[in-house]
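Asks: The following block contains the structure, expressed as structure tokens.
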Amino acid sequence: IFAHLVIETRRSDFVEMLIHHVATTLLVGFSYTIRYYRIGLIILVLHDISDVILEFAKLCVYQDWERVANGLFGVWTFSWAYLRLYLFPKYLLYTAFYDNLATLGQIPMHLFFNVLLWVLQILHI
């Protein structure tokens, strides 16, 4: 969040990315605090896989490896859409909202987690 506020160049999606980073940090932090590790872990895995691919693609652009960069951007596009627009809502949102209530009952901060998860999903769209 600090890097986003202070270091990075402000782009047109500055506010959206700030909300995304705050929501993700809150979800991961509070999932650790109340020992609900699964939500935090799944969020990190679903977001970091495509982020790593994107960073490698940027690295290839900086090295003037245009063909490799274009291929990686294609892989990144597919991974981003699959992980954040398919797996995230199908498994994480569904499980966090419906399955947890059925199996665990009312867990602490259930509404808080679900609101933040839906904020992330809306920002993904």
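Chain labels follow the order of the structure tokens: the first chain is A, the next B, and so on; residue numbering restarts at 1 in every chain, and ligands are counted from 1 in their shown order.
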If you count only C-alpha atoms, which residues fall within 12 Å of Leu59 of chain A, apart from same-chain ones fewer than 6 positions away, as a PyMOL selection string?
Replies: chain A and resi 52-53+65-66+68-70+72-73
Asks: Would you work out the distance separating atom CA of His47 of chain A from atom CA of Trp80 of chain A, expressed in Å to one decimal?
Replies: 8.1 Å
Asks: Suppose you want the space between atom CA of Arg10 of chain A and atom CA of Leu123 of chain A; what is it in Å?
Replies: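 Computing the Euclidean distance for atom CA of Arg10 of chain A and atom CA of Leu123 of chain A yields 17.6 Å.
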Asks: Within 12 Å of Leu83 of chain A, counting only C-alpha atoms, which residues qualify if same-chain residues fewer than 3 places away don't, as a PyMOL selection string?
Replies: chain A and resi 42-51+75-80+86-92+121+124
Asks: Would you kindly return, as an MDAnalysis selection string, each protein, DNA or RNA residue with an atom no farther than 12 Å from any atom of Trp118 of chain A, considering only C-alpha atoms and excluding same-chain residues fewer than 5 positions away?
Replies: chainID A and resid 20 23:24 27 84:85 88:89 92:94 96:97 111:113 123:125
Asks: Hey, can you spit out that residue selection with C-alpha atoms as a PDB file, in the first residue's frame?
Replies:
```pdb
ATOM      1  CA  HIS A  20      -7.923  -3.656  -4.229  1.00  0.00           C
ATOM      2  CA  ALA A  23      -9.137  -5.113   0.677  1.00  0.00           C
ATOM      3  CA  THR A  24      -6.587  -7.843  -0.049  1.00  0.00           C
ATOM      4  CA  LEU A  27      -8.532 -10.118   4.087  1.00  0.00           C
ATOM      5  CA  ARG A  84      -9.927 -14.216 -10.975  1.00  0.00           C
ATOM      6  CA  LEU A  85     -13.078 -14.403 -13.066  1.00  0.00           C
ATOM      7  CA  PHE A  88     -12.333 -16.925  -7.491  1.00  0.00           C
ATOM      8  CA  PRO A  89     -16.141 -16.640  -7.686  1.00  0.00           C
ATOM      9  CA  LEU A  92     -13.871 -18.897  -2.990  1.00  0.00           C
ATOM     10  CA  LEU A  93     -16.973 -16.718  -3.031  1.00  0.00           C
ATOM     11  CA  TYR A  94     -19.327 -19.692  -3.010  1.00  0.00           C
ATOM     12  CA  ALA A  96     -16.992 -18.388   1.895  1.00  0.00           C
ATOM     13  CA  PHE A  97     -20.653 -17.448   1.675  1.00  0.00           C
ATOM     14  CA  LEU A 111     -20.019 -10.599   6.877  1.00  0.00           C
ATOM     15  CA  PHE A 112     -16.773  -8.579   6.891  1.00  0.00           C
ATOM     16  CA  PHE A 113     -14.935 -11.267   4.909  1.00  0.00           C
ATOM     17  CA  LEU A 123     -12.897  -4.769  -8.961  1.00  0.00           C
ATOM     18  CA  HIS A 124     -11.868  -7.810 -11.032  1.00  0.00           C
ATOM     19  CA  ILE A 125     -14.774  -7.189 -13.380  1.00  0.00           C
TER      20      ILE A 125
END
```
Asks: What are the DSSP alpha helix (DSSP H) residues of chain A, as a PyMOL selection string?
Replies: chain A and resi 2+14-33+37-62+66-80+94+100-104+110-124
